[in-house]
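Peer 1: This is entry-v8.cif (mmCIF, C-alpha atoms).
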data_entry
loop_
_atom_site.group_PDB
_atom_site.id
_atom_site.type_symbol
_atom_site.label_atom_id
_atom_site.label_comp_id
_atom_site.auth_asym_id
_atom_site.auth_seq_id
_atom_site.Cartn_x
_atom_site.Cartn_y
_atom_site.Cartn_z
ATOM 1 C CA MET B 1 0.000 0.000 0.000
ATOM 2 C CA LYS B 2 2.835 2.362 0.902
ATOM 3 C CA ASP B 3 4.018 2.753 -2.673
ATOM 4 C CA VAL B 4 0.611 3.754 -4.034
ATOM 5 C CA ILE B 5 1.114 7.052 -5.819
ATOM 6 C CA ILE B 6 -1.050 9.865 -4.493
ATOM 7 C CA CYS B 7 0.449 12.826 -6.332
ATOM 8 C CA ARG B 8 1.374 11.684 -9.826
ATOM 9 C CA CYS B 9 3.143 14.902 -10.842
ATOM 10 C CA GLU B 10 5.509 15.217 -7.899
ATOM 11 C CA GLU B 11 5.710 11.441 -7.362
ATOM 12 C CA VAL B 12 4.527 11.458 -3.757
ATOM 13 C CA SER B 13 3.521 8.040 -2.446
ATOM 14 C CA LEU B 14 1.114 7.161 0.340
ATOM 15 C CA GLY B 15 4.171 6.136 2.384
ATOM 16 C CA ASP B 16 5.666 9.638 2.087
ATOM 17 C CA ILE B 17 2.410 11.144 3.330
ATOM 18 C CA GLU B 18 2.083 8.625 6.169
ATOM 19 C CA ASP B 19 5.629 9.480 7.275
ATOM 20 C CA ALA B 20 4.846 13.195 7.209
ATOM 21 C CA LYS B 21 1.618 12.662 9.156
ATOM 22 C CA GLU B 22 3.445 10.558 11.752
ATOM 23 C CA ASN B 23 5.932 13.383 12.123
ATOM 24 C CA GLY B 24 3.085 15.514 13.449
ATOM 25 C CA LEU B 25 1.775 17.391 10.423
ATOM 26 C CA LYS B 26 -1.886 18.260 10.874
ATOM 27 C CA THR B 27 -3.276 19.816 7.697
ATOM 28 C CA SER B 28 -3.241 19.236 3.945
ATOM 29 C CA GLN B 29 -1.303 22.475 3.596
ATOM 30 C CA GLU B 30 1.457 21.215 5.878
ATOM 31 C CA ILE B 31 1.693 17.942 3.956
ATOM 32 C CA LYS B 32 1.877 19.965 0.757
ATOM 33 C CA MET B 33 4.735 22.075 2.103
ATOM 34 C CA ALA B 34 6.607 18.997 3.349
ATOM 35 C CA THR B 35 6.232 16.685 0.349
ATOM 36 C CA ARG B 36 5.502 18.998 -2.642
ATOM 37 C CA LEU B 37 2.239 17.084 -3.119
ATOM 38 C CA GLY B 38 -0.116 19.087 -5.302
ATOM 39 C CA MET B 39 2.593 21.458 -6.509
ATOM 40 C CA GLY B 40 3.313 19.771 -9.824
ATOM 41 C CA MET B 41 2.068 20.234 -13.348
ATOM 42 C CA CYS B 42 -1.600 19.544 -12.641
ATOM 43 C CA GLN B 43 -1.712 21.694 -9.478
ATOM 44 C CA GLY B 44 -3.478 19.140 -7.329
ATOM 45 C CA ARG B 45 -6.333 18.318 -9.698
ATOM 46 C CA ILE B 46 -5.869 14.611 -8.952
ATOM 47 C CA CYS B 47 -4.485 14.533 -5.402
ATOM 48 C CA ARG B 48 -6.215 17.476 -3.688
ATOM 49 C CA SER B 49 -9.362 15.555 -2.804
ATOM 50 C CA LEU B 50 -7.308 12.510 -1.768
ATOM 51 C CA ILE B 51 -5.086 14.418 0.642
ATOM 52 C CA ASP B 52 -8.050 16.360 2.062
ATOM 53 C CA LEU B 53 -9.832 13.086 2.781
ATOM 54 C CA TYR B 54 -6.695 11.524 4.227
ATOM 55 C CA MET B 55 -6.105 14.449 6.601
ATOM 56 C CA SER B 56 -9.777 14.952 7.522
ATOM 57 C CA ASP B 57 -9.356 12.976 10.788
ATOM 58 C CA GLN B 58 -6.899 15.615 12.010
ATOM 59 C CA THR B 59 -9.379 18.500 12.223
ATOM 60 C CA PRO B 60 -12.523 18.680 14.357
ATOM 61 C CA GLN B 61 -14.515 19.900 11.333
ATOM 62 C CA GLY B 62 -13.555 16.776 9.377
ATOM 63 C CA LEU B 63 -13.405 17.037 5.609
ATOM 64 C CA LEU B 64 -13.122 20.688 4.625
ATOM 65 C CA GLN B 65 -15.117 21.805 1.610
ATOM 66 C CA PRO B 66 -14.040 23.636 -0.382
ATOM 67 C CA SER B 67 -10.469 22.439 0.042
ATOM 68 C CA SER B 68 -8.198 24.461 2.276
ATOM 69 C CA LEU B 69 -5.486 24.179 -0.372
ATOM 70 C CA THR B 70 -5.088 27.088 -2.732
ATOM 71 C CA VAL B 71 -6.660 26.587 -6.129
ATOM 72 C CA HIS B 72 -4.890 28.800 -8.617
ATOM 73 C CA VAL B 73 -6.448 30.399 -11.648
ATOM 74 C CA PRO B 74 -6.725 29.752 -14.518
ATOM 75 C CA VAL B 75 -8.729 26.578 -14.036
ATOM 76 C CA ARG B 76 -7.310 25.346 -17.323
ATOM 77 C CA PRO B 77 -3.863 26.389 -18.542
ATOM 78 C CA VAL B 78 -4.166 28.604 -21.598
ATOM 79 C CA SER B 79 -1.217 29.743 -23.650
ATOM 80 C CA LEU B 80 -0.929 33.436 -24.475
ATOM 81 C CA CYS B 81 -1.157 32.734 -28.223
ATOM 82 C CA GLN B 82 -4.432 30.870 -27.664
ATOM 83 C CA LEU B 83 -5.785 33.897 -25.802
ATOM 84 C CA ALA B 84 -4.604 36.249 -28.548
ATOM 85 C CA ALA B 85 -6.188 34.117 -31.272
ATOM 86 C CA LYS B 86 -9.478 34.042 -29.384
ATOM 87 C CA GLY B 87 -9.496 37.851 -29.234
ATOM 88 C CA ASP B 88 -9.121 38.053 -33.014
ATOM 89 C CA ARG B 89 -12.038 35.752 -33.703
ATOM 90 C CA ALA B 90 -14.446 37.501 -31.350
ATOM 91 C CA MET V 1 -5.589 -2.031 -31.537
ATOM 92 C CA ARG V 2 -8.702 -0.300 -32.836
ATOM 93 C CA ILE V 3 -12.420 -0.906 -32.674
ATOM 94 C CA GLN V 4 -13.383 -2.290 -36.084
ATOM 95 C CA HIS V 5 -17.047 -3.078 -35.477
ATOM 96 C CA HIS V 6 -19.444 -1.400 -33.100
ATOM 97 C CA PRO V 7 -23.139 -2.117 -32.536
ATOM 98 C CA ILE V 8 -24.118 1.573 -32.473
ATOM 99 C CA VAL V 9 -21.293 3.730 -33.824
ATOM 100 C CA THR V 10 -20.523 3.475 -37.506
ATOM 101 C CA ILE V 11 -16.779 3.135 -38.018
ATOM 102 C CA SER V 12 -16.108 5.183 -41.122
ATOM 103 C CA PRO V 13 -12.842 4.979 -43.054
ATOM 104 C CA LYS V 14 -10.428 7.796 -42.249
ATOM 105 C CA LYS V 15 -7.376 9.264 -43.891
ATOM 106 C CA GLN V 16 -3.993 8.092 -42.699
ATOM 107 C CA VAL V 17 -1.763 10.641 -40.984
ATOM 108 C CA THR V 18 1.983 10.193 -40.507
ATOM 109 C CA PHE V 19 3.670 11.631 -37.452
ATOM 110 C CA TYR V 20 6.806 11.171 -35.406
ATOM 111 C CA PHE V 21 7.230 10.174 -31.780
ATOM 112 C CA ASN V 22 10.769 10.354 -30.415
ATOM 113 C CA GLU V 23 12.050 10.479 -34.000
ATOM 114 C CA GLN V 24 10.293 7.235 -34.947
ATOM 115 C CA ILE V 25 7.663 7.315 -37.628
ATOM 116 C CA TYR V 26 4.094 6.232 -36.841
ATOM 117 C CA LYS V 27 0.815 6.165 -38.701
ATOM 118 C CA GLY V 28 -2.445 7.266 -37.165
ATOM 119 C CA LEU V 29 -5.868 8.160 -38.452
ATOM 120 C CA GLU V 30 -7.202 11.643 -39.036
ATOM 121 C CA GLY V 31 -8.890 12.969 -35.913
ATOM 122 C CA ASP V 32 -6.878 10.778 -33.533
ATOM 123 C CA THR V 33 -5.367 12.458 -30.535
ATOM 124 C CA ILE V 34 -1.639 11.910 -30.050
ATOM 125 C CA ALA V 35 -2.295 9.485 -27.206
ATOM 126 C CA ALA V 36 -4.910 7.486 -29.124
ATOM 127 C CA ALA V 37 -2.748 7.253 -32.232
ATOM 128 C CA LEU V 38 0.237 6.041 -30.224
ATOM 129 C CA TRP V 39 -1.929 3.623 -28.260
ATOM 130 C CA ALA V 40 -3.130 2.147 -31.551
ATOM 131 C CA ASN V 41 0.554 1.628 -32.380
ATOM 132 C CA GLN V 42 1.108 -0.209 -29.066
ATOM 133 C CA VAL V 43 3.028 2.752 -27.643
ATOM 134 C CA THR V 44 1.610 3.208 -24.174
ATOM 135 C CA THR V 45 4.507 4.858 -22.350
ATOM 136 C CA LEU V 46 4.566 8.505 -23.303
ATOM 137 C CA ARG V 47 7.317 9.692 -20.982
ATOM 138 C CA HIS V 48 9.310 8.849 -17.872
ATOM 139 C CA THR V 49 9.136 10.793 -14.639
ATOM 140 C CA GLU V 50 11.934 13.053 -13.483
ATOM 141 C CA LYS V 51 12.507 11.656 -9.997
ATOM 142 C CA ASN V 52 11.987 7.888 -10.137
ATOM 143 C CA ASN V 53 12.043 7.322 -13.892
ATOM 144 C CA MET V 54 8.627 5.658 -13.829
ATOM 145 C CA GLY V 55 6.624 5.344 -17.024
ATOM 146 C CA ARG V 56 3.663 7.625 -17.568
ATOM 147 C CA SER V 57 0.810 7.325 -20.025
ATOM 148 C CA LEU V 58 -2.836 8.236 -20.280
ATOM 149 C CA PHE V 59 -4.276 8.447 -16.788
ATOM 150 C CA CYS V 60 -7.500 10.440 -16.824
ATOM 151 C CA GLY V 61 -7.770 10.717 -20.601
ATOM 152 C CA ILE V 62 -9.894 13.882 -20.381
ATOM 153 C CA GLY V 63 -7.322 16.646 -20.067
ATOM 154 C CA ASN V 64 -7.441 16.925 -16.304
ATOM 155 C CA CYS V 65 -4.354 15.235 -14.918
ATOM 156 C CA PHE V 66 -1.477 16.241 -17.237
ATOM 157 C CA ASP V 67 0.085 12.789 -16.912
ATOM 158 C CA CYS V 68 0.174 12.368 -20.681
ATOM 159 C CA ARG V 69 2.015 15.589 -21.419
ATOM 160 C CA VAL V 70 4.368 15.444 -24.388
ATOM 161 C CA TYR V 71 6.474 17.967 -26.242
ATOM 162 C CA ILE V 72 5.550 19.083 -29.732
ATOM 163 C CA LYS V 73 8.265 20.689 -31.816
ATOM 164 C CA ASN V 74 7.713 24.454 -32.129
ATOM 165 C CA GLN V 75 4.671 24.324 -29.853
ATOM 166 C CA GLY V 76 5.898 23.193 -26.440
ATOM 167 C CA MET V 77 4.262 20.929 -23.900
ATOM 168 C CA VAL V 78 0.734 19.743 -24.594
ATOM 169 C CA ARG V 79 -1.561 17.059 -23.254
ATOM 170 C CA ALA V 80 -1.415 14.077 -25.605
ATOM 171 C CA CYS V 81 -4.995 13.148 -24.733
ATOM 172 C CA ASN V 82 -6.599 16.240 -26.243
ATOM 173 C CA VAL V 83 -4.346 17.372 -29.076
ATOM 174 C CA PRO V 84 -5.055 15.814 -32.497
ATOM 175 C CA ILE V 85 -2.264 14.608 -34.751
ATOM 176 C CA VAL V 86 -1.515 16.400 -37.991
ATOM 177 C CA GLU V 87 0.657 15.312 -40.888
ATOM 178 C CA GLY V 88 4.358 15.415 -40.012
ATOM 179 C CA LEU V 89 3.826 16.355 -36.364
ATOM 180 C CA GLU V 90 6.991 15.845 -34.317
ATOM 181 C CA VAL V 91 6.273 14.660 -30.801
ATOM 182 C CA PHE V 92 8.861 13.993 -28.096
ATOM 183 C CA SER V 93 8.696 12.550 -24.598
ATOM 184 C CA THR V 94 10.823 15.199 -22.962
ATOM 185 C CA ASP V 95 10.565 18.953 -22.831
ATOM 186 C CA ARG V 96 12.989 20.479 -25.331
ATOM 187 C CA GLY V 97 12.385 24.084 -24.369
ATOM 188 C CA ILE V 98 11.632 26.779 -26.914
ATOM 189 C CA ASP V 99 13.382 26.345 -30.277
#
Can you present the structure in this file as structure tokens?

Peer 2:
Amino acid sequence: MKDVIICRCEEVSLGDIEDAKENGLKTSQEIKMATRLGMGMCQGRICRSLIDLYMSDQTPQGLLQPSSLTVHVPVRPVSLCQLAAKGDRA
Amino acid sequence: MRIQHHPIVTISPKKQVTFYFNEQIYKGLEGDTIAAALWANQVTTLRHTEKNNMGRSLFCGIGNCFDCRVYIKNQGMVRACNVPIVEGLEVFSTDRGID
């Protein structure tokens, strides 16, 4: 189980997260800072809900919704040339 | 590895498109995404990860997870699952920066 990948971009396994949690980290944000989980190419689109669920036993409120982790805009990455082309067509 | 017969969808003949993946030539069909065309050619590993050198391929298949990202010459990194192939497209596993 330990080598199950949670964050596919930064290659963080369940074992890495378990270790961090055992070291006393309490929130998703702290796990993120310690392991780089959710900081890769996809910006936590896959692992954010997993880590929130995994850490939900550490807070009295349980599973936080929306996630306490920062969700950065844009929702989808758009290249500047795509934006420029869109402006021309409109 | 393609669906030839389907009870509902009509499989219509499509034009062949030639493209390159890591400097090897492959043939796909018009309208295929890069990932689908490579999958049909039995190429399922699109890249290897930076830290542990593990293989990566299609994971979500809908443009969400970025696991299938590949480099297209003169265009940069794209998701192989939602970019269609065009004739002569040069695709690479690793980021080659801006030419």

Peer 1: Pull the closest atom pair for each residue of chain V that gets at most 12 Å from chain B, along with the distance in Å to one decimal, counting all atoms listed in the file, ordering rows by chain and then ascending residue number, as a Markdown table.

Peer 2:
| residue | atom | partner | partner_atom | distance |
| --- | --- | --- | --- | --- |
| V:His48 | CA | B:Cys9 | CA | 11.1 |
| V:Thr49 | CA | B:Glu11 | CA | 8.1 |
| V:Glu50 | CA | B:Glu10 | CA | 8.8 |
| V:Lys51 | CA | B:Glu11 | CA | 7.3 |
| V:Asn52 | CA | B:Glu11 | CA | 7.7 |
| V:Asn53 | CA | B:Glu11 | CA | 10.0 |
| V:Met54 | CA | B:Glu11 | CA | 9.2 |
| V:Gly55 | CA | B:Arg8 | CA | 10.9 |
| V:Arg56 | CA | B:Arg8 | CA | 9.0 |
| V:Ser57 | CA | B:Arg8 | CA | 11.1 |
| V:Leu58 | CA | B:Arg8 | CA | 11.8 |
| V:Phe59 | CA | B:Arg8 | CA | 9.5 |
| V:Cys60 | CA | B:Ile46 | CA | 9.1 |
| V:Gly63 | CA | B:Arg76 | CA | 9.1 |
| V:Asn64 | CA | B:Arg45 | CA | 6.8 |
| V:Cys65 | CA | B:Cys42 | CA | 5.6 |
| V:Phe66 | CA | B:Cys42 | CA | 5.7 |
| V:Asp67 | CA | B:Cys9 | CA | 7.1 |
| V:Cys68 | CA | B:Cys9 | CA | 10.6 |
| V:Arg69 | CA | B:Met41 | CA | 9.3 |
| V:Gln75 | CA | B:Ser79 | CA | 10.1 |
| V:Gly76 | CA | B:Ser79 | CA | 10.1 |
| V:Met77 | CA | B:Ser79 | CA | 10.4 |
| V:Val78 | CA | B:Pro77 | CA | 10.1 |
| V:Arg79 | CA | B:Pro77 | CA | 10.7 |

Peer 1: Please report the interatomic distance between CA of Glu90 in chain V and CA of Lys73 in chain V in Å with one decimal.

Peer 2: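 Taking CA of Glu90 in chain V and CA of Lys73 in chain V, their separation equals 5.6 Å.
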
Peer 1: Between V:Ile98, V:Ile62, V:Leu46, V:Met1, which is the closest to Ile34 in chain V once you count only C-alpha atoms?

Peer 2: V:Leu46

Peer 1: Do you know which residues lie at most 9 Å from (6.9, 11.1, -36.9), with coordinates as in the file and only C-alpha atoms counted, and could you write them as number ranges by chain?

Peer 2: V: 18-27, 87-91

Peer 1: Within 12 Å of (-10.0, -3.4, -30.8), in the coordinates the file gives, what residues turn up when you count only C-alpha atoms, written out as a short mmCIF file (atom, residue, chain, number, x, y, z; two decimals) with C-alpha atoms, in the frame of the given file?

Peer 2:
data_model
loop_
_atom_site.label_atom_id
_atom_site.label_comp_id
_atom_site.auth_asym_id
_atom_site.auth_seq_id
_atom_site.Cartn_x
_atom_site.Cartn_y
_atom_site.Cartn_z
CA MET V 1 -5.59 -2.03 -31.54
CA ARG V 2 -8.70 -0.30 -32.84
CA ILE V 3 -12.42 -0.91 -32.67
CA GLN V 4 -13.38 -2.29 -36.08
CA HIS V 5 -17.05 -3.08 -35.48
CA HIS V 6 -19.44 -1.40 -33.10
CA ILE V 11 -16.78 3.14 -38.02
CA TRP V 39 -1.93 3.62 -28.26
CA ALA V 40 -3.13 2.15 -31.55
CA ASN V 41 0.55 1.63 -32.38
CA GLN V 42 1.11 -0.21 -29.07
#

Peer 1: What's around Gln29 in chain B at 9 Å? Count only C-alpha atoms, leave out sequence neighbours fewer than 4 positions away in its own chain, and write the answer as a PyMOL selection string.

Peer 2: chain B and resi 33-34+68-70

Peer 1: I'd like the interatomic distance between CA of Leu53 in chain B and CA of His72 in chain B, to a tenth of an Å.

Peer 2: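 Rounded to one decimal, the two atoms are 20.0 Å apart.
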